[in-house]
Structures are given as structure tokens and as C-alpha cells.
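Please read the structure below before turning to the comments.
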Amino acid sequence: MKQLCDVDSMQWFHYVEWYFLLCVQARNFNLAQELYETAINSRRINLTNYHNKEKWRIYKAYIDYAQLHTAQGRSIGQDITIRTTEDLDNFVRELPTYSKDKRGFYVSIIIVQILFLLEWGNIDGIIDRIESIKRYIGRYLRRPEYHRSYCFMKLLLIMEKKNFDPVAVRAAGKRYYEKLTPSDNQDMSALDTLEIIPLDDLWVNILRTLERLKKQGTIV
């Protein structure tokens, strides 16, 4: 990397970001974590704008979620102890304001928030976001380039409508899930619409988490 461009230059910073995203897409989360640390500990991060700083905060939440499910080789369906930092806890509990969303942040934020809220068994926190999701879908996700985000958000609405029952959610969401697969046709040049973790992978995780919560009695 040092041979390609000057360390802490804007070109270098963009290179780290793309490398990071490629590692996440390849499920190399350990290297992605190293690249995240490289980015946020660089001098460039202090010179960049709010948009870029917030983007790396979102990236961190997705890495935390991914590592949660790969820790010590445990599968998603197994009981796990979730450790949170204060920043992650605050990030998840903040209600995003889509009226100020200019870069597609809302979709990325609301998805990762719901992922963690579901892991924590905080069903009320998810329900609090449903009306906002409905409004956002109607206003912003009708364009073709947002088709996958539209389908995933519809799946989240189905999850709430079916009272988080894994069997009912899986059956009702099949049509939209099939529209999400395969995920290898993403436009890697469109950073603002790129899925940090493929949405079809996240839906599989959600279904497994619902099954775990049902088994634990968190979902009646």
C-alpha cells in the first residue's frame, strides 16, 4: 500500500476504504478490522469531513456485528454473550433522521441497528423504527438502483407484521428474499449504494436469530 501512494494522502485513504469493503465482502473480517484501525488512527481521518467520519462509524458497527457471529467459530444459532461498547450502544439506540440523509446513510444505519436490537432481544426498539421505515421506502427507495434495499426493507416490515415468528416470517418473506439472491451483481463502483455486508446474507442471519430467540422464549 505504501508503494502505491503516500500514507495519509486522500488517495491512500480511499484505497484503505475500498480494501476494507472488499475484505468485508470476502468475509475476511479480521483483516477488515485491521484496516478499520488503520483508517481511524491515521492523520487523514482528522482532516476529513463529517460524512467520511460517520461512514467509518457505520462500518465499525457492521464489523462488530460480523465478528459477533464468527467469534470462536460459533454459529449464529448458538447462544452467545454480546459485549457492547458505549459508542456502539449509543449508535444503535439513536433514531436516525432520514430527512437529513443525503448519502444513503439511513438504510445502512437502520439495518445495522435492527440487527443489534434483534440480537439483544429488544423487540420494542425495532417496532419503534417501523413507521419510519415505511415512510422512507415510499419516498426514497423506488428508483431501480435501490431495488435490493427496497426488498430488504420490505422484509423487515414483514418481520414485524408476522410478530417475529421465524416460520411465518420465512414463508411470508420468501418472495422478497428470492429477489435478493444472488448478491454478486452489485455495482462496486457505487459506494453509496454498496451493501457493506450482502443483504441476502444478513437476512439469513436474521432468520437464524429469530429461531434462537423463539427457542429462548424471547419471542412468544
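Residues in the C-alpha cells are numbered from 1 in each chain, the chains being A, B, ... in the order shown, and ligands are numbered from 1 in the order shown.
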(request) Write out as a list of chain:residue names which residues come within 12 Å of A:Asp128 when counting only C-alpha atoms, dropping same-chain ones fewer than 3 positions away. (result)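 With the cut-off at 12 Å, the set is A:Arg93, A:Glu94, A:Leu95, A:Pro96, A:Ile110, A:Gln113, A:Ile114, A:Leu117, A:Asn122, A:Ile123, A:Asp124, A:Gly125, A:Glu131, A:Ser132, A:Ile133, A:Lys134, A:Leu157, A:Glu160.
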(message) So that I can see what lies close to stretch 199-209 of chain A, please list as a PyMOL selection string the residues with an atom at most 10 Å from it, counting only C-alpha atoms and leaving out residues fewer than 2 positions away in the same chain.
(response) chain A and resi 66+69+75-79+111-112+114-115+118-119+121+148-149+151-153+155-156+159+164-167+169-170+173+176-183+195-197+211-215
Please produce an output containing C-alpha atoms for each residue in the selection, written as an mmCIF file, in the first residue's frame.
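Generated output (again-v6.cif):
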data_model
loop_
_atom_site.group_PDB
_atom_site.id
_atom_site.type_symbol
_atom_site.label_atom_id
_atom_site.label_comp_id
_atom_site.auth_asym_id
_atom_site.auth_seq_id
_atom_site.Cartn_x
_atom_site.Cartn_y
_atom_site.Cartn_z
ATOM 1 C CA ALA A 66 -19.908 -9.740 11.682
ATOM 2 C CA HIS A 69 -21.179 -14.222 14.540
ATOM 3 C CA SER A 75 -22.601 -20.479 14.592
ATOM 4 C CA ILE A 76 -25.313 -17.860 14.586
ATOM 5 C CA GLY A 77 -27.845 -20.248 16.068
ATOM 6 C CA GLN A 78 -25.847 -20.826 19.244
ATOM 7 C CA ASP A 79 -26.209 -18.843 22.441
ATOM 8 C CA ILE A 111 -30.347 -2.099 9.097
ATOM 9 C CA VAL A 112 -27.407 -2.473 11.463
ATOM 10 C CA ILE A 114 -32.153 -3.596 13.782
ATOM 11 C CA LEU A 115 -29.547 -6.357 13.559
ATOM 12 C CA LEU A 118 -32.701 -8.236 17.399
ATOM 13 C CA GLU A 119 -29.557 -9.785 18.892
ATOM 14 C CA GLY A 121 -33.982 -9.209 22.036
ATOM 15 C CA ARG A 148 -32.191 -4.526 -3.211
ATOM 16 C CA SER A 149 -32.516 -2.060 -0.346
ATOM 17 C CA CYS A 151 -36.630 -5.626 -0.918
ATOM 18 C CA PHE A 152 -34.679 -5.874 2.335
ATOM 19 C CA MET A 153 -36.643 -3.103 3.998
ATOM 20 C CA LEU A 155 -38.510 -7.993 4.636
ATOM 21 C CA LEU A 156 -38.016 -6.023 7.848
ATOM 22 C CA MET A 159 -40.759 -9.499 10.202
ATOM 23 C CA PHE A 164 -41.190 -12.008 14.647
ATOM 24 C CA ASP A 165 -42.282 -15.631 14.343
ATOM 25 C CA PRO A 166 -39.449 -17.322 12.390
ATOM 26 C CA VAL A 167 -41.662 -19.772 10.483
ATOM 27 C CA VAL A 169 -41.505 -14.583 8.597
ATOM 28 C CA ARG A 170 -39.561 -17.054 6.441
ATOM 29 C CA GLY A 173 -40.599 -13.114 3.083
ATOM 30 C CA TYR A 176 -38.520 -10.697 -1.467
ATOM 31 C CA TYR A 177 -35.627 -12.880 -0.353
ATOM 32 C CA GLU A 178 -35.521 -14.566 -3.754
ATOM 33 C CA LYS A 179 -35.212 -11.118 -5.330
ATOM 34 C CA LEU A 180 -32.122 -10.522 -3.191
ATOM 35 C CA THR A 181 -30.216 -13.578 -4.406
ATOM 36 C CA PRO A 182 -27.661 -13.775 -5.786
ATOM 37 C CA SER A 183 -25.798 -10.709 -4.470
ATOM 38 C CA GLU A 195 -24.011 -3.201 0.712
ATOM 39 C CA ILE A 196 -21.391 -3.385 3.428
ATOM 40 C CA ILE A 197 -22.435 -6.985 4.080
ATOM 41 C CA GLU A 211 -35.165 -19.053 15.620
ATOM 42 C CA ARG A 212 -32.764 -18.651 18.554
ATOM 43 C CA LEU A 213 -34.973 -16.041 20.226
ATOM 44 C CA LYS A 214 -38.023 -18.254 19.741
ATOM 45 C CA LYS A 215 -36.208 -21.163 21.337
#
(message) as a VMD selection string, please: every residue in stretch 119-155 of chain A that DSSP puts in alpha helix (DSSP H).
(response) chain A and resid 119 123 to 140 147 to 155
